[in-house]
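What follows is the content of my_file_34.cif (mmCIF, C-alpha atoms and all ligand atoms).
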```
data_my_file
#
loop_
_atom_site.label_atom_id
_atom_site.label_comp_id
_atom_site.auth_asym_id
_atom_site.auth_seq_id
_atom_site.Cartn_x
_atom_site.Cartn_y
_atom_site.Cartn_z
CA MET A 1 44.74 -55.50 5.38
CA ASP A 2 43.35 -53.43 8.23
CA ASN A 3 40.41 -55.29 9.75
CA THR A 4 39.62 -52.92 12.56
CA TYR A 5 36.02 -51.80 12.95
CA SER A 6 36.67 -48.30 11.64
CA ALA A 7 38.54 -49.62 8.59
CA LEU A 8 35.75 -52.08 7.79
CA LYS A 9 33.16 -49.36 8.25
CA LYS A 10 35.06 -47.11 5.88
CA ARG A 11 35.28 -49.82 3.20
CA VAL A 12 31.57 -50.61 3.50
CA ARG A 13 30.67 -46.95 3.14
CA GLU A 14 32.87 -46.59 0.05
CA ALA A 15 31.31 -49.70 -1.49
CA LEU A 16 27.83 -48.39 -0.68
CA LEU A 17 28.50 -45.03 -2.30
CA THR A 18 30.01 -46.67 -5.40
CA GLU A 19 27.10 -49.06 -5.84
CA TRP A 20 24.55 -46.33 -5.08
CA ALA A 21 26.00 -44.07 -7.79
CA ALA A 22 26.07 -46.95 -10.28
CA LEU A 23 22.51 -48.11 -9.63
CA PHE A 24 20.90 -44.69 -9.17
CA PRO A 25 22.86 -42.02 -11.08
CA THR A 26 22.41 -38.48 -9.82
CA PRO A 27 20.26 -36.29 -12.08
CA GLY A 28 22.15 -33.50 -13.81
CA CYS A 29 20.38 -30.82 -11.79
CA ASN A 30 21.61 -32.21 -8.46
CA HIS A 31 25.19 -31.28 -7.61
CA HIS A 32 25.15 -32.28 -3.96
CA ALA A 33 27.18 -35.06 -2.43
CA ARG A 34 25.42 -38.26 -1.45
CA PRO A 35 24.89 -38.23 2.30
CA LEU A 36 24.88 -41.35 4.46
CA SER A 37 23.04 -39.57 7.26
CA PRO A 38 20.05 -37.22 7.20
CA ARG A 39 20.85 -33.59 6.50
CA ALA A 40 20.43 -31.24 9.45
CA PHE A 41 17.54 -29.42 7.76
CA MET A 42 15.51 -32.64 7.68
CA GLY A 43 14.89 -32.05 11.39
CA LEU A 44 13.00 -28.84 10.62
CA GLY A 45 9.27 -28.71 10.01
CA LYS A 46 8.05 -30.91 7.19
CA PHE A 47 6.92 -28.03 4.97
CA VAL A 48 10.11 -25.99 5.26
CA ALA A 49 12.34 -29.06 5.03
CA GLY A 50 10.52 -29.92 1.81
CA ARG A 51 11.10 -26.41 0.43
CA ILE A 52 14.82 -26.62 1.26
CA HIS A 53 15.20 -30.10 -0.18
CA GLN A 54 13.46 -29.10 -3.41
CA ASN A 55 15.56 -25.95 -3.74
CA ARG A 56 18.81 -27.80 -3.19
CA ALA A 57 17.78 -30.43 -5.73
CA GLY A 58 16.89 -27.77 -8.32
CA LYS A 59 13.28 -28.95 -8.49
CA SER A 60 11.28 -26.31 -6.66
CA TYR A 61 8.73 -23.64 -7.53
CA LEU A 62 11.47 -21.10 -8.24
CA ALA A 63 11.28 -19.84 -11.82
CA ALA A 64 14.73 -21.12 -12.78
CA HIS A 65 13.86 -24.67 -11.78
CA PRO A 66 12.13 -26.03 -14.87
CA THR A 67 9.33 -28.53 -14.67
CA TRP A 68 8.41 -31.33 -17.03
CA ARG A 69 5.19 -29.42 -17.79
CA SER A 70 6.92 -26.26 -18.96
CA PRO A 71 10.60 -26.89 -19.66
CA ASP A 72 10.92 -23.68 -21.71
CA ALA A 73 9.21 -21.33 -19.24
CA ASP A 74 10.68 -17.91 -18.47
CA THR A 75 13.26 -18.28 -15.70
CA SER A 76 13.32 -14.60 -14.70
CA CYS A 77 12.66 -13.84 -11.07
CA LEU A 78 8.98 -12.95 -10.68
CA ARG A 79 9.80 -10.50 -7.88
CA CYS A 80 12.64 -8.42 -9.31
CA GLY A 81 12.95 -9.57 -12.93
CA LEU A 82 16.69 -8.90 -12.88
CA GLU A 83 18.11 -12.42 -12.95
CA PRO A 84 17.00 -16.02 -13.29
CA GLU A 85 15.31 -17.04 -10.05
CA THR A 86 17.79 -19.65 -8.86
CA PHE A 87 18.15 -20.77 -5.26
CA ALA A 88 21.25 -18.60 -4.88
CA HIS A 89 19.48 -15.58 -6.37
CA ALA A 90 16.42 -16.01 -4.14
CA ILE A 91 18.52 -16.12 -0.98
CA LEU A 92 21.58 -14.03 -1.75
CA SER A 93 20.86 -11.36 -4.32
CA CYS A 94 17.14 -10.87 -4.97
CA PHE A 95 16.44 -7.18 -4.52
CA SER A 96 12.88 -7.75 -3.32
CA ARG A 97 14.05 -10.06 -0.53
CA GLN A 98 16.96 -7.92 0.69
CA ASN A 99 15.22 -6.71 3.86
CA SER A 100 14.63 -10.27 5.05
CA LYS A 101 18.09 -11.32 3.87
CA SER A 102 19.87 -8.54 5.76
CA ARG A 103 17.76 -9.13 8.88
CA LEU A 104 17.94 -12.94 9.00
CA LEU A 105 20.73 -14.23 6.78
CA HIS A 106 23.23 -11.38 6.69
CA SER A 107 26.16 -13.75 7.37
CA VAL A 108 25.21 -16.18 4.59
CA THR A 109 27.27 -15.58 1.46
CA ASP A 110 27.01 -18.96 -0.25
CA VAL A 111 24.43 -21.71 -0.62
CA CYS A 112 26.82 -24.37 -1.94
CA HIS A 113 26.33 -27.81 -0.45
CA GLU A 114 29.56 -27.60 1.58
CA GLY A 115 28.73 -24.19 3.07
CA PRO A 116 28.12 -23.51 6.77
CA LEU A 117 24.43 -22.87 6.13
CA TRP A 118 23.71 -26.60 5.99
CA THR A 119 25.42 -27.58 9.22
CA SER A 120 24.57 -24.66 11.51
CA LEU A 121 21.29 -25.05 13.38
CA PRO A 122 20.99 -21.30 14.16
CA LEU A 123 21.46 -20.51 10.46
CA LEU A 124 18.94 -23.17 9.48
CA ASN A 125 16.41 -21.72 11.90
CA ARG A 126 16.98 -18.29 10.38
CA LEU A 127 16.60 -19.80 6.91
CA THR A 128 13.28 -21.27 8.04
CA THR A 129 12.10 -17.82 9.11
CA PHE A 130 13.39 -16.33 5.84
CA ILE A 131 11.50 -18.90 3.75
CA SER A 132 8.30 -18.29 5.70
CA ALA A 133 8.65 -14.50 5.63
CA THR A 134 9.33 -14.33 1.90
CA SER A 135 7.16 -17.31 0.86
CA MET A 136 10.17 -18.44 -1.13
CA SER A 137 9.31 -21.34 -3.47
CA PHE A 138 5.90 -21.82 -1.93
CA PRO A 139 3.51 -23.73 -4.19
CA PRO A 140 1.56 -21.28 -6.39
CA THR A 141 -1.68 -22.91 -5.27
CA MET A 142 -1.11 -21.48 -1.79
CA PHE A 143 -1.77 -17.99 -3.12
CA PRO A 144 -5.10 -16.68 -4.46
CA PRO A 145 -4.96 -15.43 -8.04
CA THR A 146 -4.27 -11.72 -8.19
CA PRO A 147 -6.66 -9.60 -10.26
CA PRO A 148 -5.18 -7.88 -13.29
CA PRO A 149 -4.07 -4.29 -12.56
CA SER A 150 -6.73 -2.80 -14.87
CA SER A 151 -9.71 -4.27 -13.01
CA PRO A 152 -11.39 -2.03 -10.44
CA PRO A 153 -10.94 -2.94 -6.79
CA LEU A 154 -13.68 -5.00 -5.25
CA PRO A 155 -15.96 -3.09 -2.86
CA LEU A 156 -15.75 -4.08 0.76
CA SER A 157 -19.50 -4.62 0.92
CA SER A 158 -22.14 -4.67 -1.77
CA PRO A 159 -25.58 -3.31 -0.80
CA SER A 160 -27.32 -5.21 -3.66
CA VAL A 161 -26.32 -8.61 -2.31
CA PRO A 162 -28.10 -9.61 0.89
CA PRO A 163 -25.95 -11.09 3.58
CA PRO A 164 -26.00 -14.90 3.75
CA VAL A 165 -28.45 -16.44 6.18
CA PHE A 166 -27.28 -19.43 8.13
CA ARG A 167 -29.89 -21.65 9.72
CA VAL A 168 -28.89 -23.84 12.58
CA SER A 169 -31.13 -26.80 13.09
CA SER A 170 -31.24 -28.80 16.22
CA LEU A 171 -31.25 -32.57 16.36
CA ALA A 172 -34.96 -32.48 17.32
CA GLU A 173 -35.84 -30.99 13.90
CA VAL A 174 -33.96 -33.62 11.92
ZN ZN A 201 14.73 -11.59 -7.69
#
```

Using the file provided, produce a representation of the structure as structure tokens.
Amino acid sequence: MDNTYSALKKRVREALLTEWAALFPTPGCNHHARPLSPRAFMGLGKFVAGRIHQNRAGKSYLAAHPTWRSPDADTSCLRCGLEPETFAHAILSCFSRQNSKSRLLHSVTDVCHEGPLWTSLPLLNRLTTFISATSMSFPPTMFPPTPPPSSPPLPLSSPSVPPPVFRVSSLAEV
């Protein structure tokens, strides 16, 4: 039996992965390998890293990632309506995001967990810009509700409503 440090380390890692899989089985929606070190994208900003992690896990705000609240919701892409809005569709083939895709991620052809996108810091930085530019899988609460198309546009100013008056009181008046 090889008892060198590297051989022992390898056996411990294999035992860890075996026990980890037995104790905490991977959900069916997650097809990524179990890492023993943080993914490179975890070094990005917290918000974007969260978006990426959720997208990779299949539990994001993309339409094709069902939630426990609405498991039977329509999975069509809200932007183009051509395909289910999966992570791959949102990055690779969504018509409405093609300008940002061709400008920022033109060399990315796959989002599989073994692809170069997840180990290349320049690509991850471009993905960060892409996510911010397209608001991909942002929480819906970050956007104000849009009025229905039939409602008239709101006037910029209404003469019947007086402007608000703000009174500033000093500490001496209190
Ligand atoms: Zn689309």

Atom CA of A:Ala33 to atom CA of A:Ser120 measures 17.6 Å

Counting all atoms listed in the file, closest pick from A:Ser70, A:Thr4, A:Ser137, A:Ser107 relative to A:Arg56 is A:Ser137

* Smallest atom-to-atom distance to ligand ZN 201 (chain A): which of A:Pro84, A:Leu104, A:Asn99, A:Gly115, using only C-alpha atoms and all ligand atoms? ->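 Comparing A:Pro84, A:Leu104, A:Asn99, A:Gly115 against ligand ZN 201 (chain A), the winner is A:Pro84.
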
List all protein, DNA and RNA residues that have at least one atom no more than 6 Å from any atom of ligand ZN 201 (chain A), counting all atoms listed in the file, and write them as a CSV table (one decimal) with C-alpha atoms, keeping the file's coordinate frame.
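Here's the written file result24.csv:
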```csv
chain,number,residue,atom,x,y,z
A,77,CYS,CA,12.7,-13.8,-11.1
A,79,ARG,CA,9.8,-10.5,-7.9
A,80,CYS,CA,12.6,-8.4,-9.3
A,81,GLY,CA,13.0,-9.6,-12.9
A,85,GLU,CA,15.3,-17.0,-10.0
A,90,ALA,CA,16.4,-16.0,-4.1
A,94,CYS,CA,17.1,-10.9,-5.0
A,95,PHE,CA,16.4,-7.2,-4.5
```

What lies within 10 Å of stretch 52-54 of chain A using all atoms listed in the file, ignoring chain neighbours under 5 positions off, as a list in words?
Arg39, Phe41, Met42, Leu44, Lys46, Phe47, Lys59, Ser60, Tyr61, Leu62, His65, Phe87, Leu124, Leu127, Thr128, Ile131, Met136 and Ser137 of chain A

Between atom CA of A:Pro71 and atom CA of A:Arg97 lies a distance of 25.7 Å

re atom CA of A:Val111 and atom CA of A:Ala88: distance 6.2 Å

Exercise for review: Name the residues in contact with A:Ala40 at a cut-off of 7 Å, using only C-alpha atoms, excluding same-chain residues fewer than 3 positions from it; report them as a list in words.
Suggested key: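 With the cut-off at 7 Å, the set is Gly43, Trp118 and Thr119 of chain A.
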